[in-house]
Amino acid sequence: MKHEKTFKEARKLIDERELDDANLDTAFDLLEAIIEEDSTCDWAYGLISEIYYWTGEYADADEKMFNYEQGVEWGKKGVATNETSLEANFWLAVNYGNFGTEKGIMKSLSLIQPIKTSIERVLEIDESYFYGGPYRVLGRLYHKAPGFPFSIGDSKKAVEYLEKAVELGPKFYLNHLFIAELYQSLRNKDKAKEHLEWIINAPLNKNHEKEDEGYKRDAEALLQNL
């Protein structure tokens, strides 16, 4: 890997985003400097795309769209630099998905193929990336997209992909939350309850306590509505 030292520094800062509000900004500055030095460093674009994903997650409602849109633009730059970039393809797909959610699904059908294209590249490179991330994205896509004849929505495929994500990332809260939402939509209350209770009872992951506490609140709300 090119510029491995900077990659490790930026990765650590992003992973420790909850420890200091300035960590994401510091990581951004490191990555921007590497790109100025070497514009072909595809993973740097990808990690900036990830940073915008996290800032979008933390942002107020009226600022989310901007951050996800920026995440898309940086992800595109990384993919343009290297079509098979792991980081750029993954975070491009994720930001596309969140951008589409903010716009509304029926206004975002044109994003489905770009998401599939990027995430299928990630699947070929590393199916376990970011706690089974490629399967999580595909499962969410097949769950939330309208079905035939409008789009590719398919509950059977969604279950298959999200179960695989849980298998690869068994301690990642979002895998359990997404599959619980899917099972709830399928009226499989027992399966939904199983995953929601896992979230509620699981220990908080070190350095990601705030993130996990948010997922716990989401799980409690869903459980009350089962």
# chains A, B, ... in the order shown; residues from 1 in each chain; ligands from 1
>>> residues_around(residues="Thr26 in chain A", least_positions_apart="2", cutoff="12 Å", atoms="only C-alpha atoms", output="MDAnalysis selection string")
chainID A and resid 6 9:14 16:17 20:24 28:33 48 51
>>> select_by_dssp(residues="range 22-189 of chain A", states="helix (DSSP H, G or I)", output="MDAnalysis selection string")
chainID A and resid 23:37 42:58 61:81 86:103 105:107 109:125 129:144 155:168 173:185 189
>>> atom_distance(atom1="CA of Arg217 in chain A", atom2="CA of Ile200 in chain A")
8.1 Å
>>> atom_distance(atom1="CA of Ser49 in chain A", atom2="CA of Trp91 in chain A")
5.8 Å
>>> atom_distance(atom1="CA of Leu47 in chain A", atom2="CA of Ile179 in chain A")
26.3 Å
>>> closest_atom_pairs(of="range 27-136 of chain A", to="range 171-177 of chain A", cutoff="12 Å", atoms="only C-alpha atoms", output="tab-separated table")
residue	atom	partner	partner_atom	distance
A:Ser128	CA	A:Phe172	CA	11.9
A:Phe130	CA	A:Phe172	CA	9.1
A:Tyr131	CA	A:Phe172	CA	6.5
A:Gly132	CA	A:Asn175	CA	8.2
A:Gly133	CA	A:Asn175	CA	8.6
A:Pro134	CA	A:Asn175	CA	11.1
A:Tyr135	CA	A:Asn175	CA	9.3
A:Arg136	CA	A:Asn175	CA	6.5
>>> write_last_selection(atoms="all heavy atoms", output="mmCIF file, in the first residue's frame")
data_model
loop_
_atom_site.group_PDB
_atom_site.id
_atom_site.type_symbol
_atom_site.label_atom_id
_atom_site.label_comp_id
_atom_site.auth_asym_id
_atom_site.auth_seq_id
_atom_site.Cartn_x
_atom_site.Cartn_y
_atom_site.Cartn_z
ATOM 1 N N SER A 128 -15.668 -9.237 3.653
ATOM 2 C CA SER A 128 -15.782 -8.960 5.084
ATOM 3 C C SER A 128 -15.543 -7.494 5.427
ATOM 4 O O SER A 128 -15.657 -7.108 6.596
ATOM 5 C CB SER A 128 -14.782 -9.822 5.862
ATOM 6 O OG SER A 128 -13.442 -9.425 5.586
ATOM 7 N N PHE A 130 -15.466 -3.866 6.547
ATOM 8 C CA PHE A 130 -16.319 -3.096 7.445
ATOM 9 C C PHE A 130 -17.483 -3.942 7.964
ATOM 10 O O PHE A 130 -18.644 -3.632 7.793
ATOM 11 C CB PHE A 130 -16.825 -1.812 6.776
ATOM 12 C CG PHE A 130 -17.046 -0.700 7.766
ATOM 13 C CD1 PHE A 130 -15.970 -0.017 8.308
ATOM 14 C CD2 PHE A 130 -18.314 -0.359 8.165
ATOM 15 C CE1 PHE A 130 -16.160 0.987 9.250
ATOM 16 C CE2 PHE A 130 -18.532 0.650 9.094
ATOM 17 C CZ PHE A 130 -17.453 1.323 9.646
ATOM 18 N N TYR A 131 -17.099 -5.057 8.597
ATOM 19 C CA TYR A 131 -18.058 -5.933 9.291
ATOM 20 C C TYR A 131 -19.129 -6.491 8.351
ATOM 21 O O TYR A 131 -20.326 -6.423 8.633
ATOM 22 C CB TYR A 131 -18.724 -5.182 10.449
ATOM 23 C CG TYR A 131 -17.753 -4.408 11.309
ATOM 24 C CD1 TYR A 131 -17.608 -3.026 11.140
ATOM 25 C CD2 TYR A 131 -16.967 -5.051 12.258
ATOM 26 C CE1 TYR A 131 -16.702 -2.309 11.914
ATOM 27 C CE2 TYR A 131 -16.056 -4.339 13.037
ATOM 28 C CZ TYR A 131 -15.926 -2.971 12.854
ATOM 29 O OH TYR A 131 -15.033 -2.259 13.617
ATOM 30 N N GLY A 132 -18.664 -7.054 7.231
ATOM 31 C CA GLY A 132 -19.616 -7.594 6.262
ATOM 32 C C GLY A 132 -20.330 -6.516 5.482
ATOM 33 O O GLY A 132 -21.443 -6.730 4.977
ATOM 34 N N GLY A 133 -19.681 -5.361 5.336
ATOM 35 C CA GLY A 133 -20.312 -4.199 4.719
ATOM 36 C C GLY A 133 -20.936 -4.411 3.350
ATOM 37 O O GLY A 133 -22.046 -3.923 3.103
ATOM 38 N N PRO A 134 -20.258 -5.125 2.432
ATOM 39 C CA PRO A 134 -20.887 -5.308 1.110
ATOM 40 C C PRO A 134 -22.236 -6.019 1.185
ATOM 41 O O PRO A 134 -23.181 -5.621 0.501
ATOM 42 C CB PRO A 134 -19.858 -6.161 0.351
ATOM 43 C CG PRO A 134 -18.566 -5.926 1.046
ATOM 44 C CD PRO A 134 -18.904 -5.682 2.484
ATOM 45 N N TYR A 135 -22.327 -7.032 2.038
ATOM 46 C CA TYR A 135 -23.598 -7.743 2.189
ATOM 47 C C TYR A 135 -24.638 -6.879 2.897
ATOM 48 O O TYR A 135 -25.833 -6.955 2.590
ATOM 49 C CB TYR A 135 -23.382 -9.049 2.958
ATOM 50 C CG TYR A 135 -22.616 -10.084 2.183
ATOM 51 C CD1 TYR A 135 -21.309 -10.426 2.534
ATOM 52 C CD2 TYR A 135 -23.183 -10.716 1.078
ATOM 53 C CE1 TYR A 135 -20.597 -11.374 1.819
ATOM 54 C CE2 TYR A 135 -22.475 -11.667 0.352
ATOM 55 C CZ TYR A 135 -21.184 -11.987 0.723
ATOM 56 O OH TYR A 135 -20.482 -12.920 0.000
ATOM 57 N N ARG A 136 -24.168 -6.061 3.837
ATOM 58 C CA ARG A 136 -25.099 -5.160 4.537
ATOM 59 C C ARG A 136 -25.718 -4.158 3.557
ATOM 60 O O ARG A 136 -26.933 -3.922 3.578
ATOM 61 C CB ARG A 136 -24.361 -4.430 5.661
ATOM 62 C CG ARG A 136 -25.233 -3.497 6.478
ATOM 63 C CD ARG A 136 -24.510 -2.974 7.722
ATOM 64 N NE ARG A 136 -23.296 -2.235 7.427
ATOM 65 C CZ ARG A 136 -22.051 -2.695 7.606
ATOM 66 N NH1 ARG A 136 -21.844 -3.916 8.063
ATOM 67 N NH2 ARG A 136 -20.997 -1.946 7.327
#
>>> closest_residue(among="A:Glu69, A:Asp60, A:Tyr215, A:Gly78", to="Pro203 in chain A", atoms="only C-alpha atoms")
A:Tyr215
